[in-house]
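Colleague: Here you go, this is input_33.pdb (PDB, C-alpha atoms, pLDDT in the B column).
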MODEL        1
ATOM      1  CA  MET A   1      43.631  35.752   4.214  1.00 77.00           C
ATOM      2  CA  THR A   2      41.388  36.449   7.222  1.00 83.00           C
ATOM      3  CA  ALA A   3      38.286  36.580   5.005  1.00 86.00           C
ATOM      4  CA  THR A   4      39.158  33.168   3.580  1.00 87.00           C
ATOM      5  CA  LEU A   5      39.532  31.728   7.071  1.00 86.00           C
ATOM      6  CA  ILE A   6      36.061  33.031   7.911  1.00 90.00           C
ATOM      7  CA  TRP A   7      34.315  31.942   4.681  1.00 93.00           C
ATOM      8  CA  ILE A   8      35.625  28.367   4.637  1.00 93.00           C
ATOM      9  CA  PRO A   9      34.032  27.412   8.004  1.00 92.00           C
ATOM     10  CA  VAL A  10      30.843  29.276   7.018  1.00 92.00           C
ATOM     11  CA  ALA A  11      30.665  27.332   3.734  1.00 93.00           C
ATOM     12  CA  LEU A  12      31.345  24.029   5.521  1.00 93.00           C
ATOM     13  CA  LEU A  13      28.661  24.863   8.089  1.00 95.00           C
ATOM     14  CA  ALA A  14      26.160  25.678   5.320  1.00 94.00           C
ATOM     15  CA  ILE A  15      26.941  22.410   3.538  1.00 94.00           C
ATOM     16  CA  GLY A  16      26.581  20.509   6.821  1.00 93.00           C
ATOM     17  CA  VAL A  17      23.218  22.134   7.546  1.00 95.00           C
ATOM     18  CA  TYR A  18      22.002  21.345   4.022  1.00 94.00           C
ATOM     19  CA  LEU A  19      23.082  17.702   4.272  1.00 93.00           C
ATOM     20  CA  SER A  20      21.475  17.418   7.703  1.00 94.00           C
ATOM     21  CA  TRP A  21      18.233  18.873   6.349  1.00 96.00           C
ATOM     22  CA  THR A  22      18.329  16.418   3.418  1.00 95.00           C
ATOM     23  CA  ALA A  23      18.929  13.480   5.772  1.00 94.00           C
ATOM     24  CA  GLY A  24      15.983  14.611   7.916  1.00 94.00           C
ATOM     25  CA  ARG A  25      13.785  14.896   4.849  1.00 95.00           C
ATOM     26  CA  LEU A  26      14.779  11.395   3.776  1.00 95.00           C
ATOM     27  CA  ASP A  27      14.025  10.098   7.257  1.00 95.00           C
ATOM     28  CA  ARG A  28      10.568  11.719   7.186  1.00 96.00           C
ATOM     29  CA  LEU A  29       9.918  10.089   3.803  1.00 96.00           C
ATOM     30  CA  HIS A  30      10.869   6.703   5.237  1.00 96.00           C
ATOM     31  CA  VAL A  31       8.527   7.267   8.186  1.00 96.00           C
ATOM     32  CA  ARG A  32       5.725   8.272   5.794  1.00 97.00           C
ATOM     33  CA  MET A  33       6.420   5.179   3.710  1.00 97.00           C
ATOM     34  CA  ASP A  34       6.295   2.935   6.798  1.00 96.00           C
ATOM     35  CA  ALA A  35       2.993   4.497   7.890  1.00 98.00           C
ATOM     36  CA  ALA A  36       1.547   4.048   4.411  1.00 98.00           C
ATOM     37  CA  ARG A  37       2.679   0.400   4.408  1.00 97.00           C
ATOM     38  CA  ALA A  38       0.984  -0.173   7.755  1.00 98.00           C
ATOM     39  CA  ALA A  39      -2.226   1.395   6.413  1.00 98.00           C
ATOM     40  CA  LEU A  40      -2.034  -0.782   3.294  1.00 98.00           C
ATOM     41  CA  ASP A  41      -1.507  -3.909   5.403  1.00 97.00           C
ATOM     42  CA  ALA A  42      -4.523  -2.966   7.531  1.00 97.00           C
ATOM     43  CA  GLN A  43      -6.715  -2.475   4.448  1.00 98.00           C
ATOM     44  CA  LEU A  44      -5.566  -5.752   2.909  1.00 98.00           C
ATOM     45  CA  LEU A  45      -6.296  -7.571   6.156  1.00 97.00           C
ATOM     46  CA  ARG A  46      -9.709  -5.927   6.385  1.00 97.00           C
ATOM     47  CA  ARG A  47     -10.564  -6.917   2.801  1.00 97.00           C
ATOM     48  CA  ALA A  48      -9.484 -10.530   3.390  1.00 97.00           C
ATOM     49  CA  SER A  49     -11.390 -10.690   6.686  1.00 97.00           C
ATOM     50  CA  VAL A  50     -14.597  -9.336   5.173  1.00 96.00           C
ATOM     51  CA  ALA A  51     -14.285 -11.724   2.216  1.00 96.00           C
ATOM     52  CA  GLN A  52     -13.653 -14.665   4.531  1.00 96.00           C
ATOM     53  CA  GLU A  53     -16.596 -13.707   6.737  1.00 95.00           C
ATOM     54  CA  LEU A  54     -18.856 -13.425   3.697  1.00 94.00           C
ATOM     55  CA  ALA A  55     -17.631 -16.786   2.369  1.00 95.00           C
ATOM     56  CA  THR A  56     -18.555 -18.520   5.638  1.00 95.00           C
ATOM     57  CA  SER A  57     -21.893 -16.719   6.082  1.00 91.00           C
ATOM     58  CA  GLY A  58     -23.846 -19.139   3.896  1.00 89.00           C
ATOM     59  CA  VAL A  59     -25.283 -16.496   1.565  1.00 89.00           C
ATOM     60  CA  LEU A  60     -23.098 -17.529  -1.389  1.00 90.00           C
ATOM     61  CA  ASP A  61     -23.410 -20.733  -3.351  1.00 90.00           C
ATOM     62  CA  PRO A  62     -20.987 -23.459  -2.160  1.00 93.00           C
ATOM     63  CA  ALA A  63     -18.563 -23.166  -5.083  1.00 93.00           C
ATOM     64  CA  ALA A  64     -18.268 -19.384  -4.721  1.00 93.00           C
ATOM     65  CA  SER A  65     -17.872 -19.748  -0.961  1.00 95.00           C
ATOM     66  CA  ILE A  66     -14.988 -22.203  -1.357  1.00 96.00           C
ATOM     67  CA  VAL A  67     -13.200 -20.076  -3.960  1.00 96.00           C
ATOM     68  CA  LEU A  68     -13.586 -16.902  -1.902  1.00 97.00           C
ATOM     69  CA  TYR A  69     -12.680 -18.558   1.412  1.00 97.00           C
ATOM     70  CA  GLU A  70      -9.522 -20.190   0.074  1.00 98.00           C
ATOM     71  CA  ALA A  71      -8.317 -16.983  -1.601  1.00 98.00           C
ATOM     72  CA  ALA A  72      -9.035 -14.902   1.515  1.00 98.00           C
ATOM     73  CA  HIS A  73      -7.377 -17.446   3.791  1.00 97.00           C
ATOM     74  CA  ALA A  74      -4.283 -17.578   1.556  1.00 97.00           C
ATOM     75  CA  ALA A  75      -4.103 -13.767   1.526  1.00 97.00           C
ATOM     76  CA  ARG A  76      -4.283 -13.601   5.322  1.00 96.00           C
ATOM     77  CA  GLN A  77      -1.606 -16.268   5.783  1.00 96.00           C
ATOM     78  CA  ALA A  78       0.842 -15.142   3.080  1.00 96.00           C
ATOM     79  CA  GLU A  79       4.047 -13.389   4.024  1.00 93.00           C
ATOM     80  CA  GLY A  80       6.948 -11.804   2.212  1.00 87.00           C
ATOM     81  CA  GLU A  81       7.104 -12.090  -1.530  1.00 86.00           C
ATOM     82  CA  GLN A  82       4.079 -14.383  -1.660  1.00 95.00           C
ATOM     83  CA  ARG A  83       1.811 -11.720  -0.168  1.00 95.00           C
ATOM     84  CA  GLU A  84       1.389  -9.726  -3.377  1.00 96.00           C
ATOM     85  CA  VAL A  85       0.566 -12.896  -5.329  1.00 97.00           C
ATOM     86  CA  ALA A  86      -1.982 -14.029  -2.735  1.00 97.00           C
ATOM     87  CA  GLU A  87      -3.610 -10.581  -2.623  1.00 97.00           C
ATOM     88  CA  SER A  88      -3.821 -10.522  -6.425  1.00 97.00           C
ATOM     89  CA  GLU A  89      -5.465 -13.944  -6.342  1.00 97.00           C
ATOM     90  CA  LEU A  90      -7.981 -12.638  -3.797  1.00 97.00           C
ATOM     91  CA  SER A  91      -8.780  -9.746  -6.156  1.00 97.00           C
ATOM     92  CA  GLN A  92      -9.317 -12.223  -8.979  1.00 97.00           C
ATOM     93  CA  ALA A  93     -11.527 -14.396  -6.777  1.00 97.00           C
ATOM     94  CA  LEU A  94     -13.607 -11.380  -5.775  1.00 96.00           C
ATOM     95  CA  ARG A  95     -14.055 -10.450  -9.433  1.00 96.00           C
ATOM     96  CA  ALA A  96     -14.990 -14.045 -10.288  1.00 95.00           C
ATOM     97  CA  VAL A  97     -17.544 -14.328  -7.474  1.00 94.00           C
ATOM     98  CA  PHE A  98     -18.976 -10.806  -7.712  1.00 93.00           C
ATOM     99  CA  GLY A  99     -18.514 -10.188 -11.433  1.00 88.00           C
ATOM    100  CA  ASP A 100     -22.216 -10.707 -12.001  1.00 86.00           C
ATOM    101  CA  PRO A 101     -24.476  -8.014 -10.499  1.00 88.00           C
ATOM    102  CA  ARG A 102     -27.113 -10.711  -9.872  1.00 88.00           C
ATOM    103  CA  GLN A 103     -24.732 -12.379  -7.396  1.00 88.00           C
ATOM    104  CA  VAL A 104     -24.406  -9.087  -5.506  1.00 91.00           C
ATOM    105  CA  GLU A 105     -28.183  -8.647  -5.503  1.00 91.00           C
ATOM    106  CA  GLY A 106     -28.586 -12.202  -4.203  1.00 88.00           C
ATOM    107  CA  VAL A 107     -26.247 -11.443  -1.301  1.00 90.00           C
ATOM    108  CA  ARG A 108     -28.048  -8.167  -0.589  1.00 91.00           C
ATOM    109  CA  ALA A 109     -31.391 -10.011  -0.430  1.00 91.00           C
ATOM    110  CA  ALA A 110     -30.127 -12.363   2.293  1.00 89.00           C
ATOM    111  CA  PRO A 111     -30.521 -11.378   5.956  1.00 90.00           C
ATOM    112  CA  GLY A 112     -27.615  -9.076   6.812  1.00 87.00           C
ATOM    113  CA  GLY A 113     -26.572  -9.078   3.178  1.00 88.00           C
ATOM    114  CA  GLU A 114     -26.948  -5.344   2.644  1.00 91.00           C
ATOM    115  CA  GLU A 115     -24.436  -4.654   5.417  1.00 92.00           C
ATOM    116  CA  ALA A 116     -22.077  -7.353   4.113  1.00 91.00           C
ATOM    117  CA  VAL A 117     -22.111  -5.935   0.575  1.00 92.00           C
ATOM    118  CA  ARG A 118     -21.544  -2.407   1.900  1.00 94.00           C
ATOM    119  CA  GLU A 119     -18.631  -3.541   4.051  1.00 95.00           C
ATOM    120  CA  LEU A 120     -17.050  -5.521   1.202  1.00 95.00           C
ATOM    121  CA  ALA A 121     -17.511  -2.626  -1.244  1.00 95.00           C
ATOM    122  CA  GLU A 122     -15.766  -0.250   1.181  1.00 96.00           C
ATOM    123  CA  ALA A 123     -12.935  -2.720   1.733  1.00 95.00           C
ATOM    124  CA  VAL A 124     -12.272  -3.318  -1.973  1.00 95.00           C
ATOM    125  CA  ARG A 125     -12.449   0.434  -2.655  1.00 95.00           C
ATOM    126  CA  ARG A 126      -9.889   1.315   0.040  1.00 97.00           C
ATOM    127  CA  VAL A 127      -7.192  -1.173  -0.994  1.00 97.00           C
ATOM    128  CA  PRO A 128      -6.258   0.580  -4.281  1.00 97.00           C
ATOM    129  CA  MET A 129      -6.176   3.951  -2.507  1.00 97.00           C
ATOM    130  CA  ALA A 130      -3.901   2.639   0.248  1.00 98.00           C
ATOM    131  CA  ARG A 131      -1.614   1.019  -2.329  1.00 98.00           C
ATOM    132  CA  ARG A 132      -1.456   4.263  -4.291  1.00 98.00           C
ATOM    133  CA  PHE A 133      -0.496   6.242  -1.151  1.00 98.00           C
ATOM    134  CA  HIS A 134       2.202   3.694  -0.343  1.00 98.00           C
ATOM    135  CA  ASN A 135       3.608   3.667  -3.853  1.00 98.00           C
ATOM    136  CA  ASP A 136       3.619   7.493  -3.943  1.00 98.00           C
ATOM    137  CA  ALA A 137       5.671   7.550  -0.729  1.00 97.00           C
ATOM    138  CA  VAL A 138       8.023   4.920  -2.161  1.00 97.00           C
ATOM    139  CA  GLY A 139       8.444   6.967  -5.336  1.00 97.00           C
ATOM    140  CA  ALA A 140       9.304  10.126  -3.392  1.00 96.00           C
ATOM    141  CA  ALA A 141      11.859   8.263  -1.269  1.00 96.00           C
ATOM    142  CA  ARG A 142      13.381   6.634  -4.351  1.00 96.00           C
ATOM    143  CA  ARG A 143      13.712   9.972  -6.126  1.00 96.00           C
ATOM    144  CA  LEU A 144      15.487  11.529  -3.156  1.00 96.00           C
ATOM    145  CA  ARG A 145      17.708   8.486  -2.673  1.00 95.00           C
ATOM    146  CA  GLY A 146      18.682   8.737  -6.333  1.00 94.00           C
ATOM    147  CA  HIS A 147      20.371  12.115  -5.840  1.00 94.00           C
ATOM    148  CA  ARG A 148      24.153  12.042  -5.881  1.00 95.00           C
ATOM    149  CA  LYS A 149      24.508  13.871  -2.567  1.00 94.00           C
ATOM    150  CA  VAL A 150      22.432  11.182  -0.828  1.00 94.00           C
ATOM    151  CA  ARG A 151      24.526   8.380  -2.300  1.00 92.00           C
ATOM    152  CA  TRP A 152      27.920  10.064  -1.835  1.00 94.00           C
ATOM    153  CA  PHE A 153      27.328  11.003   1.797  1.00 94.00           C
ATOM    154  CA  ARG A 154      25.298   7.847   2.526  1.00 93.00           C
ATOM    155  CA  LEU A 155      22.438   9.860   3.974  1.00 93.00           C
ATOM    156  CA  ALA A 156      20.043   6.899   3.752  1.00 91.00           C
ATOM    157  CA  GLY A 157      22.113   4.996   6.285  1.00 89.00           C
ATOM    158  CA  HIS A 158      21.291   1.308   6.374  1.00 90.00           C
ATOM    159  CA  ALA A 159      17.624   1.673   5.451  1.00 90.00           C
ATOM    160  CA  PRO A 160      16.544  -0.886   2.849  1.00 91.00           C
ATOM    161  CA  PHE A 161      15.783   0.397  -0.619  1.00 92.00           C
ATOM    162  CA  PRO A 162      12.049   1.150  -0.821  1.00 94.00           C
ATOM    163  CA  LEU A 163       9.996  -1.254  -2.924  1.00 95.00           C
ATOM    164  CA  ALA A 164       6.609  -0.518  -4.417  1.00 95.00           C
ATOM    165  CA  VAL A 165       3.713  -2.922  -3.998  1.00 96.00           C
ATOM    166  CA  GLU A 166       2.648  -4.287  -7.367  1.00 95.00           C
ATOM    167  CA  MET A 167      -0.524  -6.324  -7.270  1.00 96.00           C
ATOM    168  CA  ASP A 168      -3.895  -6.705  -8.931  1.00 96.00           C
ATOM    169  CA  ASP A 169      -6.317  -4.708  -6.799  1.00 94.00           C
ATOM    170  CA  GLU A 170      -9.049  -3.920  -9.304  1.00 95.00           C
ATOM    171  CA  PRO A 171     -12.428  -4.225  -7.566  1.00 93.00           C
ATOM    172  CA  PRO A 172     -15.310  -6.196  -9.061  1.00 93.00           C
ATOM    173  CA  ALA A 173     -17.415  -3.979 -11.302  1.00 89.00           C
ATOM    174  CA  ALA A 174     -20.594  -4.913  -9.445  1.00 87.00           C
ATOM    175  CA  LEU A 175     -19.106  -3.658  -6.154  1.00 85.00           C
ATOM    176  CA  ALA A 176     -17.181  -0.640  -7.474  1.00 77.00           C
ATOM    177  CA  ASP A 177     -20.170   1.701  -7.387  1.00 65.00           C
ATOM    178  CA  ARG A 178     -21.716   0.335  -4.157  1.00 49.00           C
ATOM    179  CA  THR A 179     -19.949   2.491  -1.599  1.00 46.00           C
ATOM    180  CA  GLY A 180     -23.001   4.162  -0.151  1.00 46.00           C
TER     181      GLY A 180
ENDMDL
END
Using structure tokens, write down the structure from this file.
Modeller:
Amino acid sequence: MTATLIWIPVALLAIGVYLSWTAGRLDRLHVRMDAARAALDAQLLRRASVAQELATSGVLDPAASIVLYEAAHAARQAEGEQREVAESELSQALRAVFGDPRQVEGVRAAPGGEEAVRELAEAVRRVPMARRFHNDAVGAARRLRGHRKVRWFRLAGHAPFPLAVEMDDEPPAALADRTG
């Protein structure tokens, strides 16, 4: 009888420690996910800013400038559910404007064009990486939140269910290999 009275509190303590550790792990995953989202937002803003700056620089033909400026402006202004659509449209506009390597060479030949192409190439290369990091963090949090112990003991608290970012972020082929 005495052994039972000792083992029951020990077992309850062990379960409590395990649940506390799981809740802490889930919290760290949510923090990682929030940091990855902030990094993704920064990269998306950088890409839109560089595209908008290039569109207003005068080195592109007027039609390409208008297409690129409007897509970049829409991406910078979009919020909520419309953000992914606007960012996908910016990716499509970048591919339309810089799909031809001659267009990229024309921009590079302009004064300050080499720097502009380098900056844009870096920006379009970093967006898919940032999205991948974010979606990996979301996937890890979703997997942990899917465990029965997390649901039964409500270890996630009132945190919203993590959502992945699904958008078209494929860079233009003419810029994909221009990172140096």
Colleague: Give me the result of the PyMOL selection byres ((chain A and resi 60-68) around 10) on this file, residue by residue, as a CSV table (one decimal) with C-alpha atoms, in the coordinates of the input.
Modeller:
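Below is the file result-v7.csv, written as the result:
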chain,number,residue,atom,x,y,z
A,48,ALA,CA,-9.5,-10.5,3.4
A,51,ALA,CA,-14.3,-11.7,2.2
A,52,GLN,CA,-13.7,-14.7,4.5
A,53,GLU,CA,-16.6,-13.7,6.7
A,54,LEU,CA,-18.9,-13.4,3.7
A,55,ALA,CA,-17.6,-16.8,2.4
A,56,THR,CA,-18.6,-18.5,5.6
A,57,SER,CA,-21.9,-16.7,6.1
A,58,GLY,CA,-23.8,-19.1,3.9
A,59,VAL,CA,-25.3,-16.5,1.6
A,69,TYR,CA,-12.7,-18.6,1.4
A,70,GLU,CA,-9.5,-20.2,0.1
A,71,ALA,CA,-8.3,-17.0,-1.6
A,72,ALA,CA,-9.0,-14.9,1.5
A,73,HIS,CA,-7.4,-17.4,3.8
A,74,ALA,CA,-4.3,-17.6,1.6
A,89,GLU,CA,-5.5,-13.9,-6.3
A,90,LEU,CA,-8.0,-12.6,-3.8
A,91,SER,CA,-8.8,-9.7,-6.2
A,92,GLN,CA,-9.3,-12.2,-9.0
A,93,ALA,CA,-11.5,-14.4,-6.8
A,94,LEU,CA,-13.6,-11.4,-5.8
A,95,ARG,CA,-14.1,-10.4,-9.4
A,96,ALA,CA,-15.0,-14.0,-10.3
A,97,VAL,CA,-17.5,-14.3,-7.5
A,98,PHE,CA,-19.0,-10.8,-7.7
A,103,GLN,CA,-24.7,-12.4,-7.4
A,104,VAL,CA,-24.4,-9.1,-5.5
A,106,GLY,CA,-28.6,-12.2,-4.2
A,107,VAL,CA,-26.2,-11.4,-1.3
A,110,ALA,CA,-30.1,-12.4,2.3
Colleague: Which polymer residues have any atom within 12 Å of an atom of A:Arg145, counting all atoms listed in the file, with same-chain residues fewer than 6 positions away left out, as a list in words?
Modeller: Thr22, Ala23, Arg25, Leu26, Asp27, Leu29, His30, Val138, Gly139, Arg151, Trp152, Phe153, Arg154, Leu155, Ala156, Gly157, Ala159, Pro160, Phe161 and Pro162 of chain A
Colleague: Would you mind telling me which residue in A:Glu166, A:Glu105, A:Asp100, A:Glu87 lies nearest to A:Arg47 when using all atoms listed in the file?
Modeller: A:Glu87
Colleague: Care to translate the PyMOL selection byres ((chain A and resi 129) around 12) into actual residues of this file, as a list of chain:residue names?
Modeller: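 Those residues are A:Ala36, A:Arg37, A:Ala39, A:Leu40, A:Gln43, A:Leu44, A:Glu122, A:Ala123, A:Val124, A:Arg125, A:Arg126, A:Val127, A:Pro128, A:Ala130, A:Arg131, A:Arg132, A:Phe133, A:His134, A:Asn135, A:Asp136, A:Asp169, A:Glu170, A:Pro171.
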Colleague: For stretch 101-119 of chain A, take all atoms listed in the file, fit an axis-aligned box around them, add 6 Å to each of the six sides, then output centre and edge lengths in Å rounded to one decimal, as JSON.
Modeller:
{"center_x": -25.0, "center_y": -7.4, "center_z": -1.8, "size_x": 24.8, "size_y": 22.0, "size_z": 29.3}
Colleague: Go ahead and compute the interatomic distance for atom CA of A:Gly80 and atom CA of A:Ala42, in Å to one decimal.
Modeller: 15.4 Å
Colleague: Closest to A:Glu115 among A:Val50, A:Met1, A:Val31, A:Ala11, using only C-alpha atoms?
Modeller: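 Once distances to A:Glu115 are computed over only C-alpha atoms, the minimum belongs to A:Val50.
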Colleague: Using only C-alpha atoms, which of the listed residues (A:Glu114, A:Val10, A:Ala35, A:Glu119) sits closest to A:Ser49?
Modeller: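 Smallest separation from A:Ser49 among the options: A:Glu119.
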Colleague: Using all atoms listed in the file, which of A:Leu45, A:Leu19, A:Leu120, A:Val165 sits nearest A:Glu84?
Modeller: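 Under the stated criterion, the closest residue is A:Val165.
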Colleague: Quote the spacing between atom CA of A:Ala137 and atom CA of A:Ala38 in Å to one decimal place.
Modeller: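 Here the two named atoms are 12.4 Å from each other.
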Colleague: Which value, in Å to one decimal, gives the distance between atom CA of A:Trp21 and atom CA of A:Ile6?
Modeller: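 Between these atoms lies a distance of 22.8 Å.
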Colleague: Taking into account all atoms listed in the file, which residue in the set A:Asp34, A:Arg83, A:Arg142, A:Leu175 is nearest to A:Ala116?
Modeller: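 Among the listed residues, A:Leu175 lies closest to A:Ala116.
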Colleague: N, CA, C and O atoms are needed for stretch 71-91 of chain A; please write them out as a PDB file, keeping the file's coordinate frame.
Modeller:
ATOM      1  N   ALA A  71      -9.119 -18.146  -1.188  1.00 98.00           N
ATOM      2  CA  ALA A  71      -8.317 -16.983  -1.601  1.00 98.00           C
ATOM      3  C   ALA A  71      -8.103 -16.026  -0.425  1.00 98.00           C
ATOM      4  O   ALA A  71      -6.999 -15.516  -0.223  1.00 98.00           O
ATOM      5  N   ALA A  72      -9.153 -15.802   0.363  1.00 98.00           N
ATOM      6  CA  ALA A  72      -9.035 -14.902   1.515  1.00 98.00           C
ATOM      7  C   ALA A  72      -8.114 -15.494   2.570  1.00 98.00           C
ATOM      8  O   ALA A  72      -7.293 -14.786   3.165  1.00 98.00           O
ATOM      9  N   HIS A  73      -8.241 -16.787   2.802  1.00 97.00           N
ATOM     10  CA  HIS A  73      -7.377 -17.446   3.791  1.00 97.00           C
ATOM     11  C   HIS A  73      -5.914 -17.387   3.348  1.00 97.00           C
ATOM     12  O   HIS A  73      -5.023 -17.079   4.157  1.00 97.00           O
ATOM     13  N   ALA A  74      -5.652 -17.642   2.074  1.00 97.00           N
ATOM     14  CA  ALA A  74      -4.283 -17.578   1.556  1.00 97.00           C
ATOM     15  C   ALA A  74      -3.718 -16.161   1.670  1.00 97.00           C
ATOM     16  O   ALA A  74      -2.550 -15.980   2.017  1.00 97.00           O
ATOM     17  N   ALA A  75      -4.553 -15.155   1.422  1.00 97.00           N
ATOM     18  CA  ALA A  75      -4.103 -13.767   1.526  1.00 97.00           C
ATOM     19  C   ALA A  75      -3.765 -13.400   2.969  1.00 97.00           C
ATOM     20  O   ALA A  75      -2.810 -12.676   3.226  1.00 97.00           O
ATOM     21  N   ARG A  76      -4.551 -13.907   3.909  1.00 96.00           N
ATOM     22  CA  ARG A  76      -4.283 -13.601   5.322  1.00 96.00           C
ATOM     23  C   ARG A  76      -3.038 -14.308   5.834  1.00 96.00           C
ATOM     24  O   ARG A  76      -2.353 -13.798   6.711  1.00 96.00           O
ATOM     25  N   GLN A  77      -2.733 -15.481   5.296  1.00 96.00           N
ATOM     26  CA  GLN A  77      -1.606 -16.268   5.783  1.00 96.00           C
ATOM     27  C   GLN A  77      -0.291 -15.965   5.065  1.00 96.00           C
ATOM     28  O   GLN A  77       0.772 -16.281   5.592  1.00 96.00           O
ATOM     29  N   ALA A  78      -0.364 -15.366   3.886  1.00 96.00           N
ATOM     30  CA  ALA A  78       0.842 -15.142   3.080  1.00 96.00           C
ATOM     31  C   ALA A  78       1.754 -14.106   3.713  1.00 96.00           C
ATOM     32  O   ALA A  78       1.299 -13.161   4.348  1.00 96.00           O
ATOM     33  N   GLU A  79       3.049 -14.324   3.524  1.00 93.00           N
ATOM     34  CA  GLU A  79       4.047 -13.389   4.024  1.00 93.00           C
ATOM     35  C   GLU A  79       5.111 -13.179   2.969  1.00 93.00           C
ATOM     36  O   GLU A  79       5.294 -14.001   2.075  1.00 93.00           O
ATOM     37  N   GLY A  80       5.819 -12.078   3.093  1.00 87.00           N
ATOM     38  CA  GLY A  80       6.948 -11.804   2.212  1.00 87.00           C
ATOM     39  C   GLY A  80       6.541 -11.633   0.771  1.00 87.00           C
ATOM     40  O   GLY A  80       5.556 -10.970   0.450  1.00 87.00           O
ATOM     41  N   GLU A  81       7.315 -12.240  -0.096  1.00 86.00           N
ATOM     42  CA  GLU A  81       7.104 -12.090  -1.530  1.00 86.00           C
ATOM     43  C   GLU A  81       5.803 -12.721  -2.002  1.00 86.00           C
ATOM     44  O   GLU A  81       5.253 -12.327  -3.026  1.00 86.00           O
ATOM     45  N   GLN A  82       5.314 -13.703  -1.274  1.00 95.00           N
ATOM     46  CA  GLN A  82       4.079 -14.383  -1.660  1.00 95.00           C
ATOM     47  C   GLN A  82       2.833 -13.552  -1.371  1.00 95.00           C
ATOM     48  O   GLN A  82       1.754 -13.859  -1.863  1.00 95.00           O
ATOM     49  N   ARG A  83       2.974 -12.510  -0.573  1.00 95.00           N
ATOM     50  CA  ARG A  83       1.811 -11.720  -0.168  1.00 95.00           C
ATOM     51  C   ARG A  83       1.157 -11.037  -1.365  1.00 95.00           C
ATOM     52  O   ARG A  83      -0.064 -11.055  -1.488  1.00 95.00           O
ATOM     53  N   GLU A  84       1.957 -10.427  -2.224  1.00 96.00           N
ATOM     54  CA  GLU A  84       1.389  -9.726  -3.377  1.00 96.00           C
ATOM     55  C   GLU A  84       0.656 -10.692  -4.308  1.00 96.00           C
ATOM     56  O   GLU A  84      -0.410 -10.363  -4.838  1.00 96.00           O
ATOM     57  N   VAL A  85       1.206 -11.883  -4.475  1.00 97.00           N
ATOM     58  CA  VAL A  85       0.566 -12.896  -5.329  1.00 97.00           C
ATOM     59  C   VAL A  85      -0.762 -13.327  -4.710  1.00 97.00           C
ATOM     60  O   VAL A  85      -1.789 -13.400  -5.397  1.00 97.00           O
ATOM     61  N   ALA A  86      -0.754 -13.590  -3.414  1.00 97.00           N
ATOM     62  CA  ALA A  86      -1.982 -14.029  -2.735  1.00 97.00           C
ATOM     63  C   ALA A  86      -3.045 -12.936  -2.761  1.00 97.00           C
ATOM     64  O   ALA A  86      -4.235 -13.230  -2.952  1.00 97.00           O
ATOM     65  N   GLU A  87      -2.638 -11.685  -2.577  1.00 97.00           N
ATOM     66  CA  GLU A  87      -3.610 -10.581  -2.623  1.00 97.00           C
ATOM     67  C   GLU A  87      -4.170 -10.400  -4.031  1.00 97.00           C
ATOM     68  O   GLU A  87      -5.351 -10.102  -4.199  1.00 97.00           O
ATOM     69  N   SER A  88      -3.341 -10.594  -5.039  1.00 97.00           N
ATOM     70  CA  SER A  88      -3.821 -10.522  -6.425  1.00 97.00           C
ATOM     71  C   SER A  88      -4.821 -11.638  -6.699  1.00 97.00           C
ATOM     72  O   SER A  88      -5.836 -11.423  -7.374  1.00 97.00           O
ATOM     73  N   GLU A  89      -4.538 -12.824  -6.167  1.00 97.00           N
ATOM     74  CA  GLU A  89      -5.465 -13.944  -6.342  1.00 97.00           C
ATOM     75  C   GLU A  89      -6.788 -13.680  -5.630  1.00 97.00           C
ATOM     76  O   GLU A  89      -7.851 -14.075  -6.124  1.00 97.00           O
ATOM     77  N   LEU A  90      -6.739 -13.001  -4.481  1.00 97.00           N
ATOM     78  CA  LEU A  90      -7.981 -12.638  -3.797  1.00 97.00           C
ATOM     79  C   LEU A  90      -8.771 -11.645  -4.653  1.00 97.00           C
ATOM     80  O   LEU A  90      -9.998 -11.764  -4.767  1.00 97.00           O
ATOM     81  N   SER A  91      -8.093 -10.697  -5.269  1.00 97.00           N
ATOM     82  CA  SER A  91      -8.780  -9.746  -6.156  1.00 97.00           C
ATOM     83  C   SER A  91      -9.449 -10.484  -7.313  1.00 97.00           C
ATOM     84  O   SER A  91     -10.585 -10.175  -7.682  1.00 97.00           O
TER      85      SER A  91
END
